[in-house]
Amino acid sequence: MSQSLPQRMYLLGYDSEKNRLDPTSALVRGALLRAAAVAELIIGGLLTDHGGKAERTAAAGLTPQDPFLAGVLADAPGEKPRRWFTVVDREWHKAEDTVRDQLAASGVLFVEKRRAMGIFTVRDITLLDPQRTRELRERVRNVVLSGQDPATVAIEDAVLAMLSAEGDVYTVFGPKEKRANKSAVKALAEHVDTVLPGLRKAAQYSIAARRAAVSG
């Protein structure tokens, strides 16, 4: 079974060398997963842009089998368009647990709970097929690092690369790589804005809100 865009976004943040999730993007991981879900719903023809807002299409009556995607779609009511930011940002704090549990249930991850200092619940996450995730990561990295026109790659990979860059997912692009490939990152952003209008800006706002809540 193919993995959803949110599931692939989660896996991109896993550091297989250190056997942990990328700490740099941890704060905004929920926002990235929600944005990936919104992207999949647009690509699948269930959401569309209407005057700069998210609107369900006639096809949205077909509820996705994936419960996480179905929940995100439910946050875009059919009565009237809703701001893209609202759909991306809503219940961001639940996204990581939901997507992680989906991956664990499908045998992609093994999750073990333990107590740290006898107080805090910690989850040790083991990736059961690291090679497949490495292949995904290299494919997404090549969207930027190969210098190819983003319009020639699968839109799903373009979205994952864009979100990785916006969210500082350092397991995909390190800070030096982002600086060295500014023009490619800009071209990627412009392409995603053309194909999926409203998505990147909504993701940026959600990411900024998460960071502001901590710094403030």
# chains A, B, ... in the order shown; residues from 1 in each chain; ligands from 1
$ residues_around --residues "Glu17 (chain A)" --least-positions-apart "3" --cutoff "12 Å" --atoms "only C-alpha atoms" --output "PyMOL selection string"
chain A and resi 13-14+20-22+126-127+130-131+133-134+171
$ select_by_dssp --residues "region 55-122 of chain A" --states "strand (DSSP E)" --output "PyMOL selection string"
chain A and resi 55-56+82-83+109-116+120-122
$ residues_around --residues "Thr57 (chain A)" --least-positions-apart "3" --cutoff "12 Å" --atoms "only C-alpha atoms" --output "number ranges by chain"
A: 41-50, 54, 60-63, 73, 76-81
$ residues_around --residues "Asp101 (chain A)" --least-positions-apart "5" --cutoff "12 Å" --atoms "only C-alpha atoms" --output "VMD selection string"
chain A and resid 7 10 67 to 68 94 to 96 106 to 112 123 125
$ select_by_dssp --residues "region 107-139 of chain A" --states "helix (DSSP H, G or I)" --output "list in words"
Pro130, Gln131, Arg132, Thr133, Arg134, Glu135, Leu136, Arg137, Glu138 and Arg139 of chain A
$ closest_residue --among "A:Pro6, A:Phe85, A:Asp168, A:Leu12" --to "Asp97 (chain A)" --atoms "only C-alpha atoms"
A:Pro6
$ atom_distance --atom1 "CA of Lys186 (chain A)" --atom2 "CA of Glu166 (chain A)"
10.9 Å
